[in-house]
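Structure below is protein-v4.cif: mmCIF, C-alpha atoms (C1' of nucleotides).
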```cif
data_data
loop_
_atom_site.label_atom_id
_atom_site.label_comp_id
_atom_site.auth_asym_id
_atom_site.auth_seq_id
_atom_site.Cartn_x
_atom_site.Cartn_y
_atom_site.Cartn_z
CA MET A 23 -5.23 -11.70 19.71
CA LEU A 24 -3.67 -12.52 16.34
CA ASP A 25 -3.44 -16.13 15.29
CA ASP A 26 -1.16 -17.77 12.74
CA LEU A 27 -3.73 -17.39 10.01
CA ASP A 28 -3.93 -13.65 10.55
CA ARG A 29 -0.18 -13.28 10.54
CA ASN A 30 -0.02 -15.32 7.41
CA LEU A 31 -2.56 -13.12 5.70
CA LEU A 32 -0.72 -9.99 6.76
CA GLU A 33 2.52 -11.33 5.44
CA ILE A 34 1.01 -12.01 2.04
CA LEU A 35 -0.71 -8.63 1.92
CA VAL A 36 2.43 -6.73 2.85
CA ARG A 37 4.06 -8.23 -0.19
CA ASP A 38 1.08 -7.61 -2.45
CA ALA A 39 -2.02 -5.89 -1.22
CA ARG A 40 -3.87 -6.80 -4.38
CA THR A 41 -3.81 -10.52 -3.75
CA SER A 42 -7.37 -11.68 -4.36
CA LEU A 43 -9.46 -13.16 -1.60
CA LYS A 44 -9.54 -16.36 -3.56
CA GLU A 45 -5.77 -16.51 -3.69
CA LEU A 46 -5.46 -15.62 -0.02
CA ALA A 47 -8.02 -18.26 0.85
CA ALA A 48 -6.08 -20.89 -1.08
CA GLN A 49 -2.80 -19.96 0.59
CA VAL A 50 -4.05 -20.13 4.15
CA GLY A 51 -6.53 -22.95 3.61
CA LEU A 52 -9.81 -21.14 4.20
CA SER A 53 -12.77 -20.10 2.10
CA SER A 54 -12.87 -16.61 0.68
CA PRO A 55 -15.74 -15.37 2.84
CA SER A 56 -13.76 -16.37 5.91
CA VAL A 57 -10.73 -14.50 4.68
CA SER A 58 -12.89 -11.53 3.89
CA GLU A 59 -14.28 -11.56 7.41
CA ARG A 60 -10.83 -11.80 8.93
CA LEU A 61 -9.58 -8.88 6.90
CA ARG A 62 -12.59 -6.85 7.88
CA ARG A 63 -11.82 -7.44 11.51
CA LEU A 64 -8.12 -6.77 11.13
CA GLU A 65 -9.04 -3.42 9.69
CA GLU A 66 -11.69 -2.77 12.29
CA ARG A 67 -9.23 -3.46 15.08
CA GLY A 68 -6.69 -1.18 13.46
CA VAL A 69 -4.15 -3.90 12.86
CA ILE A 70 -4.30 -3.07 9.20
CA ARG A 71 -4.03 0.67 9.18
CA ALA A 72 -4.48 1.13 5.47
CA PHE A 73 -4.24 -0.37 2.04
CA THR A 74 -1.88 1.88 0.21
CA VAL A 75 0.53 2.25 -2.61
CA GLU A 76 4.24 2.89 -2.26
CA ILE A 77 5.46 5.60 -4.57
CA ASP A 78 9.01 6.14 -5.70
CA PRO A 79 9.90 9.73 -4.72
CA LEU A 80 12.36 9.83 -7.58
CA ALA A 81 9.53 9.42 -10.06
CA LEU A 82 8.04 12.63 -8.69
CA GLY A 83 11.30 14.48 -9.04
CA TYR A 84 12.40 14.24 -5.43
CA THR A 85 16.00 13.38 -6.02
CA LEU A 86 17.16 14.18 -2.52
CA GLN A 87 16.21 12.95 0.91
CA ALA A 88 17.52 14.14 4.22
CA ILE A 89 17.18 13.31 7.89
CA VAL A 90 16.74 16.49 9.86
CA ARG A 91 17.12 16.69 13.62
CA ILE A 92 15.20 19.62 15.01
CA ARG A 93 15.64 21.28 18.38
CA PRO A 94 13.06 24.02 18.89
CA LEU A 95 14.17 27.14 20.70
CA PRO A 96 12.71 27.63 24.18
CA GLY A 97 8.97 28.15 24.01
CA LYS A 98 8.75 27.42 20.30
CA LEU A 99 8.01 23.72 20.47
CA HIS A 100 4.41 23.90 19.38
CA ILE A 101 4.97 26.43 16.66
CA VAL A 102 7.75 24.32 15.26
CA GLN A 103 5.70 21.15 15.34
CA LYS A 104 2.85 22.86 13.56
CA LEU A 105 5.23 24.24 10.98
CA ILE A 106 6.69 20.83 10.28
CA GLU A 107 3.27 19.32 9.85
CA GLU A 108 2.33 21.97 7.36
CA ILE A 109 5.36 21.52 5.17
CA ALA A 110 4.38 18.70 2.84
CA GLU A 111 7.97 17.84 2.03
CA PHE A 112 8.34 16.35 5.49
CA GLY A 113 7.52 12.74 4.82
CA GLU A 114 7.82 11.54 8.37
CA CYS A 115 8.45 13.05 11.78
CA ASP A 116 9.04 11.52 15.18
CA LYS A 117 9.13 13.23 18.52
CA VAL A 118 11.94 11.70 20.49
CA THR A 119 13.69 11.75 23.84
CA GLY A 120 17.03 13.47 24.11
CA ASP A 121 18.36 16.80 23.00
CA ASP A 122 16.89 16.65 19.54
CA CYS A 123 13.21 17.00 19.97
CA PHE A 124 12.19 15.92 16.48
CA VAL A 125 13.71 13.68 13.87
CA ALA A 126 12.19 14.13 10.44
CA ARG A 127 12.56 12.91 6.90
CA LEU A 128 12.60 15.49 4.16
CA PHE A 129 11.91 14.95 0.45
CA VAL A 130 13.28 17.67 -1.82
CA ARG A 131 13.97 18.15 -5.48
CA SER A 132 17.19 20.06 -5.05
CA ILE A 133 19.65 21.40 -2.53
CA GLY A 134 18.05 24.77 -3.12
CA ASP A 135 14.69 23.47 -1.96
CA LEU A 136 16.33 21.95 1.07
CA ASP A 137 17.83 25.28 1.98
CA GLY A 138 14.54 27.04 1.44
CA ILE A 139 12.69 24.72 3.76
CA LEU A 140 15.29 24.79 6.50
CA ASP A 141 15.26 28.57 6.33
CA ARG A 142 11.61 28.56 7.26
CA ILE A 143 12.50 26.83 10.53
CA ALA A 144 15.81 28.50 11.20
CA ASP A 145 14.46 31.28 13.38
CA LYS A 146 12.47 28.93 15.57
CA ALA A 147 14.78 25.95 16.01
CA GLU A 148 18.26 24.61 15.60
CA THR A 149 18.58 21.92 12.97
CA SER A 150 21.17 19.34 11.97
CA THR A 151 20.78 17.88 8.55
CA ALA A 152 22.16 14.65 7.18
CA ILE A 153 21.78 13.92 3.48
CA ILE A 154 20.73 10.38 2.67
CA LYS A 155 23.27 8.66 0.48
CA ALA A 156 21.68 5.24 0.33
CA GLN A 157 18.87 3.23 1.84
CA PRO A 158 20.15 -0.11 3.10
CA ILE A 159 16.68 -0.88 4.45
CA ARG A 160 13.56 0.66 3.01
CA ARG A 161 10.44 0.84 5.13
CA ARG A 162 9.38 -2.60 6.21
CA PRO A 163 7.08 -3.84 8.94
CA PRO A 164 8.43 -5.38 12.13
CA PRO A 165 8.65 -9.18 12.22
CA LEU A 166 5.21 -10.76 12.13
CA GLY A 167 6.47 -13.88 13.87
CA ALA A 168 4.92 -15.32 17.00
CA ARG A 169 3.85 -12.86 19.66
CA SER A 170 5.67 -12.85 22.93
CA ALA A 171 3.63 -13.63 26.00
CA PRO A 172 1.46 -10.67 27.04
CA SER A 173 0.86 -9.80 30.71
CA SER A 174 0.18 -13.33 31.89
CA MET B 10 6.49 12.17 -17.68
CA LEU B 11 3.56 12.09 -15.27
CA ASP B 12 0.41 13.93 -16.24
CA ASP B 13 -2.38 15.24 -14.08
CA LEU B 14 -4.42 12.08 -14.55
CA ASP B 15 -1.58 9.94 -13.28
CA ARG B 16 -1.05 12.14 -10.27
CA ASN B 17 -4.73 12.03 -9.58
CA LEU B 18 -4.75 8.26 -9.71
CA LEU B 19 -1.75 8.05 -7.40
CA GLU B 20 -3.38 10.34 -4.92
CA ILE B 21 -6.50 8.21 -4.77
CA LEU B 22 -4.51 5.00 -4.49
CA VAL B 23 -2.32 6.31 -1.69
CA ARG B 24 -5.47 6.90 0.29
CA ASP B 25 -6.98 3.54 -0.61
CA ALA B 26 -5.16 1.05 -2.75
CA ARG B 27 -8.27 -1.06 -3.08
CA THR B 28 -10.22 1.51 -5.02
CA SER B 29 -11.70 -0.38 -7.95
CA LEU B 30 -10.79 0.43 -11.53
CA LYS B 31 -14.36 1.44 -12.09
CA GLU B 32 -14.27 3.90 -9.22
CA LEU B 33 -10.89 5.26 -10.31
CA ALA B 34 -12.19 5.62 -13.85
CA ALA B 35 -15.20 7.57 -12.64
CA GLN B 36 -13.10 9.90 -10.51
CA VAL B 37 -10.63 10.82 -13.21
CA GLY B 38 -13.09 10.70 -16.10
CA LEU B 39 -11.74 7.76 -18.06
CA SER B 40 -12.84 4.22 -18.82
CA SER B 41 -11.60 1.35 -16.72
CA PRO B 42 -9.38 -0.22 -19.37
CA SER B 43 -7.58 3.11 -19.74
CA VAL B 44 -7.04 3.34 -16.03
CA SER B 45 -5.85 -0.22 -15.99
CA GLU B 46 -3.32 0.55 -18.69
CA ARG B 47 -2.08 3.63 -16.89
CA LEU B 48 -1.61 1.70 -13.67
CA ARG B 49 0.23 -1.02 -15.53
CA ARG B 50 2.64 1.53 -16.89
CA LEU B 51 3.07 3.32 -13.59
CA GLU B 52 4.10 0.02 -12.10
CA GLU B 53 6.28 -0.87 -15.05
CA ARG B 54 8.11 2.42 -14.79
CA GLY B 55 8.57 1.92 -11.07
CA VAL B 56 6.55 4.95 -10.09
CA ILE B 57 4.33 2.64 -8.10
CA ARG B 58 6.78 0.56 -6.18
CA ALA B 59 4.26 -1.71 -4.55
CA PHE B 60 0.71 -2.22 -3.44
CA THR B 61 0.98 -2.88 0.24
CA VAL B 62 -0.71 -2.81 3.55
CA GLU B 63 0.26 -0.63 6.48
CA ILE B 64 0.36 -2.51 9.74
CA ASP B 65 0.13 -1.05 13.21
CA PRO B 66 3.27 -2.20 15.06
CA LEU B 67 1.36 -1.96 18.31
CA ALA B 68 -1.00 -4.68 17.16
CA LEU B 69 1.99 -6.98 16.87
CA GLY B 70 3.20 -6.16 20.32
CA TYR B 71 5.85 -3.65 19.34
CA THR B 72 5.11 -1.05 21.95
CA LEU B 73 8.36 0.81 21.54
CA GLN B 74 10.08 2.50 18.65
CA ALA B 75 13.47 4.13 18.62
CA ILE B 76 15.67 6.09 16.27
CA VAL B 77 19.20 4.78 16.45
CA ARG B 78 22.19 6.60 15.04
CA ILE B 79 24.99 4.20 14.30
CA ARG B 80 28.65 5.01 13.81
CA PRO B 81 30.62 1.89 12.88
CA LEU B 82 34.12 1.55 14.28
CA PRO B 83 36.92 1.92 11.75
CA GLY B 84 36.86 -0.92 9.24
CA LYS B 85 33.57 -2.31 10.48
CA LEU B 86 31.23 -0.48 8.16
CA HIS B 87 30.24 -3.41 6.02
CA ILE B 88 29.90 -5.83 8.88
CA VAL B 89 27.67 -3.37 10.68
CA GLN B 90 25.50 -2.75 7.64
CA LYS B 91 25.05 -6.45 7.11
CA LEU B 92 24.18 -6.92 10.76
CA ILE B 93 21.55 -4.21 10.63
CA GLU B 94 19.96 -5.72 7.56
CA GLU B 95 19.75 -9.08 9.24
CA ILE B 96 18.04 -7.81 12.35
CA ALA B 97 14.37 -7.80 11.42
CA GLU B 98 13.47 -5.32 14.12
CA PHE B 99 15.14 -2.59 12.10
CA GLY B 100 12.23 -1.24 10.14
CA GLU B 101 14.16 1.31 8.15
CA CYS B 102 17.76 2.35 7.72
CA ASP B 103 19.38 5.21 5.86
CA LYS B 104 23.04 5.74 5.14
CA VAL B 105 23.74 9.42 5.64
CA THR B 106 26.43 12.03 5.41
CA GLY B 107 28.01 13.29 8.59
CA ASP B 108 29.45 11.61 11.66
CA ASP B 109 26.59 9.21 12.10
CA CYS B 110 26.87 6.80 9.27
CA PHE B 111 23.47 5.17 9.63
CA VAL B 112 20.15 6.33 10.98
CA ALA B 113 17.75 3.51 11.66
CA ARG B 114 14.30 2.88 13.06
CA LEU B 115 13.91 0.09 15.54
CA PHE B 116 10.71 -1.72 16.52
CA VAL B 117 10.87 -3.51 19.87
CA ARG B 118 8.46 -5.03 22.34
CA SER B 119 10.29 -3.89 25.45
CA ILE B 120 13.26 -1.96 26.72
CA GLY B 121 14.87 -5.31 27.33
CA ASP B 122 14.65 -6.19 23.66
CA LEU B 123 16.08 -2.81 22.77
CA ASP B 124 19.04 -3.45 24.99
CA GLY B 125 19.51 -6.91 23.56
CA ILE B 126 19.62 -5.65 20.02
CA LEU B 127 21.94 -2.75 20.72
CA ASP B 128 24.27 -5.15 22.50
CA ARG B 129 24.67 -7.08 19.29
CA ILE B 130 26.09 -3.98 17.64
CA ALA B 131 27.95 -2.53 20.61
CA ASP B 132 31.31 -4.11 19.81
CA LYS B 133 31.27 -2.97 16.19
CA ALA B 134 29.83 0.54 16.39
CA GLU B 135 28.92 3.43 18.60
CA THR B 136 25.22 4.08 18.85
CA SER B 137 22.99 6.88 20.11
CA THR B 138 19.41 5.95 20.75
CA ALA B 139 16.38 8.18 20.98
CA ILE B 140 13.09 6.69 22.08
CA ILE B 141 10.10 7.79 20.05
CA LYS B 142 7.52 9.50 22.24
CA ALA B 143 5.06 10.48 19.54
CA GLN B 144 4.66 10.55 15.79
CA PRO B 145 3.54 13.98 14.63
CA ILE B 146 3.79 12.81 11.03
CA ARG B 147 3.46 9.21 10.05
CA ARG B 148 4.95 8.01 6.79
CA ARG B 149 3.44 9.89 3.88
CA PRO B 150 4.51 10.41 0.31
CA PRO B 151 6.02 13.68 -0.88
CA PRO B 152 3.64 16.16 -2.49
CA LEU B 153 2.27 14.85 -5.77
CA GLY B 154 1.68 18.36 -7.07
CA ALA B 155 2.97 19.64 -10.41
CA ARG B 156 6.50 18.66 -11.35
CA SER B 157 9.13 21.31 -11.51
CA ALA B 158 10.74 21.90 -14.88
CA PRO B 159 13.25 19.15 -15.75
CA SER B 160 16.52 19.83 -17.55
CA SER B 161 15.15 22.11 -20.24
"C1'" DC C 22 -0.21 18.67 -48.51
"C1'" DT C 23 -1.24 13.71 -48.09
"C1'" DG C 24 -1.16 9.30 -46.22
"C1'" DA C 25 0.50 5.85 -42.93
"C1'" DA C 26 1.69 4.47 -38.48
"C1'" DA C 27 1.52 4.97 -33.62
"C1'" DT C 28 -0.76 6.35 -29.42
"C1'" DG C 29 -4.45 6.48 -26.30
"C1'" DC C 30 -9.10 6.17 -25.74
"C1'" DT C 31 -14.08 3.78 -25.72
"C1'" DT C 32 -17.27 0.10 -26.11
"C1'" DG C 33 -19.22 -4.39 -25.30
"C1'" DA C 34 -18.85 -9.20 -23.97
"C1'" DC C 35 -16.91 -12.81 -21.35
"C1'" DG C 36 -14.88 -14.81 -17.35
"C1'" DA C 37 -13.37 -14.33 -12.78
"C1'" DT C 38 -14.13 -12.41 -8.34
"C1'" DC C 39 -16.53 -10.64 -4.41
"C1'" DT C 40 -20.56 -10.49 -1.38
"C1'" DC C 41 -24.57 -11.91 0.91
"C1'" DG C 42 -27.73 -15.05 3.04
"C1'" DA C 43 -28.64 -19.53 4.87
"C1'" DC C 44 -26.83 -23.20 7.23
"C1'" DC C 45 -23.49 -26.03 10.16
"C1'" DG C 46 -20.36 -27.52 13.89
"C1'" DA C 47 -17.38 -26.84 17.85
"C1'" DA C 48 -16.47 -24.54 22.05
"C1'" DA C 49 -17.68 -21.90 25.90
"C1'" DT C 50 -21.49 -20.66 29.29
"C1'" DC C 51 -24.88 -21.35 32.45
"C1'" DG D 30 -26.56 -31.18 29.32
"C1'" DA D 31 -28.90 -27.49 26.78
"C1'" DT D 32 -27.97 -23.07 24.76
"C1'" DT D 33 -25.66 -19.39 22.95
"C1'" DT D 34 -21.94 -17.66 20.33
"C1'" DC D 35 -18.32 -17.66 17.20
"C1'" DG D 36 -16.15 -18.87 13.08
"C1'" DG D 37 -16.58 -21.58 9.28
"C1'" DT D 38 -18.63 -23.49 4.43
"C1'" DC D 39 -21.62 -23.41 0.40
"C1'" DG D 40 -24.09 -21.48 -3.42
"C1'" DA D 41 -26.40 -17.70 -6.02
"C1'" DG D 42 -26.54 -13.08 -7.59
"C1'" DA D 43 -24.15 -8.92 -8.39
"C1'" DT D 44 -19.92 -6.69 -9.33
"C1'" DC D 45 -15.62 -6.14 -11.33
"C1'" DG D 46 -11.55 -6.83 -14.41
"C1'" DT D 47 -9.84 -8.17 -18.93
"C1'" DC D 48 -9.74 -8.74 -23.71
"C1'" DA D 49 -10.52 -7.76 -28.60
"C1'" DA D 50 -12.11 -4.67 -31.92
"C1'" DG D 51 -12.58 -0.20 -33.49
"C1'" DC D 52 -12.08 4.99 -33.60
"C1'" DA D 53 -9.90 9.67 -33.16
"C1'" DT D 54 -5.76 12.40 -32.85
"C1'" DT D 55 -1.07 13.22 -33.47
"C1'" DT D 56 3.29 12.55 -35.74
"C1'" DC D 57 6.24 11.84 -39.27
"C1'" DA D 58 7.71 10.66 -44.17
"C1'" DG D 59 7.15 11.18 -48.71
#
```
For the structure just supplied, provide its representation as structure tokens.
Amino acid sequence: MLDDLDRNLLEILVRDARTSLKELAAQVGLSSPSVSERLRRLEERGVIRAFTVEIDPLALGYTLQAIVRIRPLPGKLHIVQKLIEEIAEFGECDKVTGDDCFVARLFVRSIGDLDGILDRIADKAETSTAIIKAQPIRRRPPPLGARSAPSS
Amino acid sequence: MLDDLDRNLLEILVRDARTSLKELAAQVGLSSPSVSERLRRLEERGVIRAFTVEIDPLALGYTLQAIVRIRPLPGKLHIVQKLIEEIAEFGECDKVTGDDCFVARLFVRSIGDLDGILDRIADKAETSTAIIKAQPIRRRPPPLGARSAPSS
DNA sequence: CTGAAATGCTTGACGATCTCGACCGAAATC
DNA sequence: GATTTCGGTCGAGATCGTCAAGCATTTCAG
């Protein structure tokens, strides 16, 4: 479904999404229209979800990040989920197996803000919060290397 | 440090990093060279960390994601951190306060792969794994809205 | 108060880039 | 073995980005 050329293109684009078609074409050994067509299809198929820009939260004043585990009280699951989605400071949220129903990432500008946000959930769920001290690995895509055999 | 124009530009670029200078200029009411200059400085200052492309892990065969909490055994912290960094399937890792030292995101193609990777850490750390069932909020930047007052 | 320097913007022209249509060749289909 | 389809190249026209020059506003020194 994805050939080496596609993977190659993705790899280059992950590093710099502004690489010109011409440059891409040169690096994978194709003409620019071909590259353009491949990109179009990668987008169409949803392989490329978006061209975006990564912003440093610090530059926006968000000096604190936390991982919050959230266990909604009985019957409150949907209300809690909706609440999380509405709070813009949640920068990521996964619904997981196990006792903790949600694991979320929170961007805040101060401990006070953190407290304020958690308060809004406190009466609907139990939370455990871990402050992020460092980021050994910042968001990166999974390995683009060769696909394993599908169902064959 | 960031004015409304900058925030506006960032907002547009987060949605689509390929927006042309001309289009950006039109939307914020400036000329393209001005926009170009602003972007240059946003990058220079590190506000824009990168132009990148968001890839669907599923398209690469990674059908499973997990959140893994990792508690290194005494004295093994650095070895564990290094190990995590080297395993490409870890798509994110934060060092946090509390009992769990690291919280990491793992992309795998099968439960078997998950087991294989956790095995590599098993003799150096305790781990708790939660399989991701759904993603109510996918990675998004913190609110770009007005900055709070700095140290004034 | 005056003048100079710095900042941030606009304009217009040039060069590079992207896009579109026409055409071609290999591989799969019937 | 002919035909269709898919993915590729080439070249022209349109679009876009970049650069230099110039202008207005603000800031600061004299």
Please write the residues picked by the PyMOL selection byres ((chain A) within 9 of (chain C)) on this file as a ChimeraX atom specification.
/A:42-44,54-55
Which residue out of A:Leu166, A:Ile154, A:Ala47, A:Val125 has the minimum interatomic distance to A:Ala88 when all atoms listed in the file are used?
A:Ile154
Please expand the PyMOL selection byres ((chain B) within 7 of (chain A)) into the concrete residues it hits in this file, giving the result as a short mmCIF file (atom, residue, chain, number, x, y, z; two decimals) with C-alpha atoms, keeping the file's coordinate frame.
```
data_model
loop_
_atom_site.label_atom_id
_atom_site.label_comp_id
_atom_site.auth_asym_id
_atom_site.auth_seq_id
_atom_site.Cartn_x
_atom_site.Cartn_y
_atom_site.Cartn_z
CA LEU B 22 -4.51 5.00 -4.49
CA VAL B 23 -2.32 6.31 -1.69
CA ARG B 24 -5.47 6.90 0.29
CA ASP B 25 -6.98 3.54 -0.61
CA ALA B 26 -5.16 1.05 -2.75
CA ARG B 27 -8.27 -1.06 -3.08
CA GLY B 55 8.57 1.92 -11.07
CA VAL B 56 6.55 4.95 -10.09
CA ILE B 57 4.33 2.64 -8.10
CA ARG B 58 6.78 0.56 -6.18
CA ALA B 59 4.26 -1.71 -4.55
CA PHE B 60 0.71 -2.22 -3.44
CA THR B 61 0.98 -2.88 0.24
CA VAL B 62 -0.71 -2.81 3.55
CA GLU B 63 0.26 -0.63 6.48
CA ILE B 64 0.36 -2.51 9.74
CA ASP B 65 0.13 -1.05 13.21
CA PRO B 66 3.27 -2.20 15.06
CA ALA B 68 -1.00 -4.68 17.16
CA LEU B 69 1.99 -6.98 16.87
CA GLY B 70 3.20 -6.16 20.32
CA GLU B 94 19.96 -5.72 7.56
CA ALA B 97 14.37 -7.80 11.42
CA GLU B 98 13.47 -5.32 14.12
CA GLY B 100 12.23 -1.24 10.14
CA GLU B 101 14.16 1.31 8.15
CA CYS B 102 17.76 2.35 7.72
CA ASP B 103 19.38 5.21 5.86
CA LYS B 104 23.04 5.74 5.14
CA VAL B 105 23.74 9.42 5.64
CA THR B 106 26.43 12.03 5.41
CA GLY B 107 28.01 13.29 8.59
CA PHE B 116 10.71 -1.72 16.52
CA ALA B 139 16.38 8.18 20.98
CA ILE B 140 13.09 6.69 22.08
CA ILE B 141 10.10 7.79 20.05
CA LYS B 142 7.52 9.50 22.24
CA ALA B 143 5.06 10.48 19.54
CA GLN B 144 4.66 10.55 15.79
CA PRO B 145 3.54 13.98 14.63
CA ILE B 146 3.79 12.81 11.03
CA ARG B 147 3.46 9.21 10.05
CA ARG B 148 4.95 8.01 6.79
CA ARG B 149 3.44 9.89 3.88
CA PRO B 150 4.51 10.41 0.31
CA PRO B 151 6.02 13.68 -0.88
CA PRO B 152 3.64 16.16 -2.49
CA LEU B 153 2.27 14.85 -5.77
CA ARG B 156 6.50 18.66 -11.35
#
```
Using the chain letters and residue numbers of this document, give as a PyMOL selection string the residues selected by the PyMOL selection byres ((chain A) within 9 of (chain D)).
chain A and resi 52-53+55-56
Please indicate the distance in Å from atom CA of B:Ser45 to atom CA of A:Glu45, rounded to one decimal place.
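A separation of 20.4 Å between them.
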Measure the distance from atom CA of A:Ile143 to atom CA of A:Leu105 in Å and round it to one decimal.
7.7 Å
Just give me the gap between atom CA of B:Thr136 and atom CA of B:Ile79 in Å, one decimal is fine.
4.6 Å
So, with all atoms listed in the file as the atoms that count, which of B:Asp124, B:Asp13, B:Glu53, B:Asp132 lies closest to B:Pro81?
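Closest to B:Pro81, using all atoms listed in the file: B:Asp132.
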